[in-house]
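K.L.:
Have a look at this one before I ask anything.
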Amino acid sequence: MKTILKTAALQLALALLGLAMVYPIVWLALSAFKTNQEIFGSIRLLPKVFDPSGFVNGWRGSGQYTFTTFYRNSLLLVGGTVAATIASSTLVAYGFARFNFRFRNVLFILMLSTMMLPTAVVVIPRFIMFRTVGWINTYLPFIVPAALAAHSFFIFMLVQFFRGIPTELDESAFLDGCGSMRILLRIILPLAKPALVSAALFKFIWTWNDFFDSLIYINSVKRYPVSLALKMVLDINTSIVNWNQVIAMAVLAMVPSIVVFFVSQRSFVEGIATTGIKG
């Protein structure tokens, strides 16, 4: 009986904690169907009348460009950045994990040290460099550094996973005539799927929600991603802000991240767990 009571109490506590964490999202989703008066003048969770006009009017954006343009921009930006990050980080991590070369440990330490460098320190030098080469108001400041393995977190993450894969598999494949790239493509990558999915998911969410870098490097409304478009919705409402439109677009902005997470949830959890215990 004590075990049953303890289990029931634990499940009740977890259920209440989960409800407290989900409640803001539920409130946000339902507030998209409310008027300004209901949002700020009542604590009711459900709206009196479900009015979808917030989604319809909010999707129109600035009038000149709708959120169709902004979502297309975000998908282009995020897709290119994620693909470039995974490809470059995989190659660099494979080199650190499987090859012995001069100054390998020194270079690995230097790579890790970049993770400790505050982002604010490199904002101005990066902007000056990208402005000099004419990349401002393009997506190149996001995609090119990703293609050059500038994100050391993902390199470190994949190195830890690759080191957990037995080297005997590489040796067997080498005896069968496989070269280094073929070993990576045929042996390492299929086994590293959970880690690759985890890295891609992290990068997708971080890039999709990124506001600061987009604000610095993109200055044309035509190229705005969703994160900047949400701020623009507030700016164009100079007198009265229609908060149901802002909330409706914020809810839609969360949908891609939620969908991607639940689709890749199993591989993500497996990748985080195995990356943490191997190496």
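Note on naming: chains are A, B, ... as they come in the structure tokens, residues start from 1 per chain, ligands start from 1 in the order shown.
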Excluding same-chain residues fewer than 3 positions from region 260-266 of chain A, what lies within 8 Å of it counting only C-alpha atoms, as a list of chain:residue names?
P.N.:
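Those residues are A:Val197, A:Leu201, A:Pro256, A:Ser257, A:Val269, A:Glu270.
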K.L.:
Kindly save the residues from that selection, with N, CA and C atoms included, as a tab-separated table (two decimals), in the first residue's frame.
P.N.:
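The resulting result-v4.tsv:
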```tsv
chain	number	residue	atom	x	y	z
A	197	VAL	N	20.71	13.45	-35.74
A	197	VAL	CA	19.35	14.00	-35.57
A	197	VAL	C	19.32	14.99	-34.41
A	201	LEU	N	18.38	18.86	-34.82
A	201	LEU	CA	17.25	19.42	-34.09
A	201	LEU	C	17.66	20.65	-33.29
A	256	PRO	N	6.50	24.69	-36.44
A	256	PRO	CA	7.58	23.91	-37.06
A	256	PRO	C	8.52	23.26	-36.06
A	257	SER	N	8.90	24.00	-35.02
A	257	SER	CA	9.81	23.44	-34.01
A	257	SER	C	9.15	22.29	-33.27
A	269	VAL	N	16.26	11.69	-28.18
A	269	VAL	CA	16.52	11.19	-26.82
A	269	VAL	C	17.65	10.18	-26.83
A	270	GLU	N	17.65	9.29	-27.82
A	270	GLU	CA	18.71	8.29	-27.92
A	270	GLU	C	20.06	8.94	-28.17
```
K.L.:
Just want the 12 Å neighbourhood of region 172-175 of chain A, counted on only C-alpha atoms, with same-chain residues fewer than 4 positions away dropped. Output as number ranges by chain.
P.N.:
A: 166-168, 179-188
K.L.:
Take the residues from that selection and write them out as an mmCIF file, in the first residue's frame, keeping C-alpha atoms.
P.N.:
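Output file selection_18.cif is given in full below:
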```cif
data_model
loop_
_atom_site.group_PDB
_atom_site.id
_atom_site.type_symbol
_atom_site.label_atom_id
_atom_site.label_comp_id
_atom_site.auth_asym_id
_atom_site.auth_seq_id
_atom_site.Cartn_x
_atom_site.Cartn_y
_atom_site.Cartn_z
ATOM 1 C CA PRO A 166 34.321 0.580 -32.016
ATOM 2 C CA THR A 167 37.334 1.133 -34.244
ATOM 3 C CA GLU A 168 37.252 -2.576 -35.127
ATOM 4 C CA GLY A 179 38.616 4.107 -47.912
ATOM 5 C CA SER A 180 38.178 6.750 -45.253
ATOM 6 C CA MET A 181 35.190 8.482 -46.880
ATOM 7 C CA ARG A 182 33.496 5.188 -47.623
ATOM 8 C CA ILE A 183 33.937 4.105 -44.000
ATOM 9 C CA LEU A 184 32.346 7.377 -42.908
ATOM 10 C CA LEU A 185 29.424 7.064 -45.295
ATOM 11 C CA ARG A 186 28.786 3.325 -44.978
ATOM 12 C CA ILE A 187 29.790 2.568 -41.376
ATOM 13 C CA ILE A 188 29.925 5.669 -39.170
#
```
K.L.:
Give me, as a PyMOL selection string, all polymer residues having an atom no more than 12 Å from Phe96 (chain A), counting only C-alpha atoms and skipping those fewer than 2 positions away in the same chain.
P.N.:
chain A and resi 89-94+98-109+111+155-163
K.L.:
Taking only C-alpha atoms into account, produce a table as a Markdown table in which each residue of region 78-186 of chain A with an atom at most 10 Å from an atom of region 209-232 of chain A appears once, together with its shortest atom pair and the distance in Å to one decimal, ordered by chain and rising number.
P.N.:
```
| residue | atom | partner | partner_atom | distance |
| --- | --- | --- | --- | --- |
| A:Val78 | CA | A:Pro225 | CA | 9.4 |
| A:Val123 | CA | A:Asp213 | CA | 8.7 |
| A:Ile124 | CA | A:Ile216 | CA | 9.8 |
| A:Arg126 | CA | A:Tyr217 | CA | 9.9 |
| A:Phe127 | CA | A:Tyr217 | CA | 7.5 |
| A:Phe130 | CA | A:Tyr217 | CA | 8.5 |
| A:Arg131 | CA | A:Tyr217 | CA | 8.8 |
| A:Trp135 | CA | A:Tyr217 | CA | 8.1 |
| A:Ile136 | CA | A:Tyr217 | CA | 5.2 |
| A:Asn137 | CA | A:Ile218 | CA | 4.2 |
| A:Thr138 | CA | A:Ile218 | CA | 6.5 |
| A:Tyr139 | CA | A:Ile218 | CA | 7.9 |
| A:Leu140 | CA | A:Tyr217 | CA | 9.4 |
| A:Pro141 | CA | A:Tyr217 | CA | 7.3 |
| A:Phe142 | CA | A:Asp213 | CA | 8.5 |
```
K.L.:
Go ahead and save the picked residues with N, CA and C atoms, as a compact mmCIF listing (two decimals), in the first residue's frame.
P.N.:
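Saved result, selection.txt, follows:
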```txt
# COMPACT_ATOMS: atom_id res chain seq x y z
N VAL A 78 16.96 28.38 -42.48
CA VAL A 78 17.19 27.29 -41.53
C VAL A 78 17.65 26.03 -42.25
N VAL A 123 30.56 40.04 -32.20
CA VAL A 123 29.48 40.61 -33.03
C VAL A 123 30.01 41.68 -33.97
N ILE A 124 30.73 42.65 -33.44
CA ILE A 124 31.23 43.75 -34.27
C ILE A 124 32.26 43.27 -35.29
N ARG A 126 32.53 40.36 -36.69
CA ARG A 126 31.81 39.60 -37.72
C ARG A 126 31.05 40.54 -38.65
N PHE A 127 30.38 41.52 -38.08
CA PHE A 127 29.60 42.43 -38.92
C PHE A 127 30.52 43.19 -39.88
N PHE A 130 31.64 40.72 -42.66
CA PHE A 130 30.58 40.39 -43.61
C PHE A 130 30.18 41.61 -44.44
N ARG A 131 30.25 42.79 -43.84
CA ARG A 131 29.94 44.00 -44.61
C ARG A 131 31.02 44.25 -45.66
N TRP A 135 28.10 40.75 -47.77
CA TRP A 135 27.13 39.71 -47.42
C TRP A 135 25.97 40.21 -46.57
N ILE A 136 25.96 41.49 -46.22
CA ILE A 136 24.86 42.02 -45.42
C ILE A 136 23.57 41.98 -46.25
N ASN A 137 22.48 41.68 -45.58
CA ASN A 137 21.16 41.54 -46.19
C ASN A 137 21.09 40.30 -47.09
N THR A 138 21.89 39.30 -46.77
CA THR A 138 21.80 37.99 -47.40
C THR A 138 21.85 36.94 -46.29
N TYR A 139 21.68 35.68 -46.68
CA TYR A 139 21.74 34.58 -45.71
C TYR A 139 23.13 33.97 -45.62
N LEU A 140 24.09 34.54 -46.37
CA LEU A 140 25.45 33.99 -46.36
C LEU A 140 26.13 34.08 -44.99
N PRO A 141 25.90 35.14 -44.18
CA PRO A 141 26.52 35.15 -42.85
C PRO A 141 26.08 34.00 -41.95
N PHE A 142 24.97 33.35 -42.29
CA PHE A 142 24.51 32.20 -41.53
C PHE A 142 25.00 30.89 -42.14
```
K.L.:
Run DSSP on the backbone and grab whatever in region 13-235 of chain A lands in helix (DSSP H, G or I); send it over as a VMD selection string.
P.N.:
chain A and resid 13 to 31 36 to 41 53 to 59 67 to 98 104 to 116 119 to 132 140 to 147 152 to 163 167 to 175 180 to 191 193 to 209 212 to 217 221 to 223 226 to 235
K.L.:
Find, counting only C-alpha atoms, the residue in A:Val241, A:Ala13, A:Ile86, A:Cys178 that gets nearest to Leu196 (chain A).
P.N.:
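Of all the options, A:Ile86 lies closest to Leu196 (chain A).
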K.L.:
So, with only C-alpha atoms as the atoms that count, which of A:Pro118, A:Tyr23, A:Ser198, A:Ile247 lies closest to Leu234 (chain A)?
P.N.:
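When distances to Leu234 (chain A) are compared using only C-alpha atoms, the smallest one comes from A:Ile247.
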K.L.:
Could you name the residues that touch Thr81 (chain A) at 7 Å or less, counting only C-alpha atoms, but leaving out those on the same chain fewer than 3 positions away, as a VMD selection string?
P.N.:
chain A and resid 77 to 78 84 to 85 142 to 143 146
K.L.:
Keeping only C-alpha atoms, write the selected residues to a file as a PDB file, in the first residue's frame.
P.N.:
```
ATOM      1  CA  LEU A  77      17.655  30.120 -44.017  1.00  0.00           C
ATOM      2  CA  VAL A  78      17.185  27.289 -41.526  1.00  0.00           C
ATOM      3  CA  ALA A  84      25.758  23.000 -43.860  1.00  0.00           C
ATOM      4  CA  THR A  85      26.280  22.592 -40.101  1.00  0.00           C
ATOM      5  CA  PHE A 142      24.506  32.200 -41.528  1.00  0.00           C
ATOM      6  CA  ILE A 143      25.206  29.504 -44.129  1.00  0.00           C
ATOM      7  CA  ALA A 146      28.027  26.803 -40.869  1.00  0.00           C
TER       8      ALA A 146
END
```
K.L.:
Give the answer as one residue: which of A:His151, A:Leu5, A:Val259, A:Ala250 has the shortest atom-to-atom distance to Ala87 (chain A), using only C-alpha atoms?
P.N.:
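Under the stated criterion, the closest residue is A:His151.
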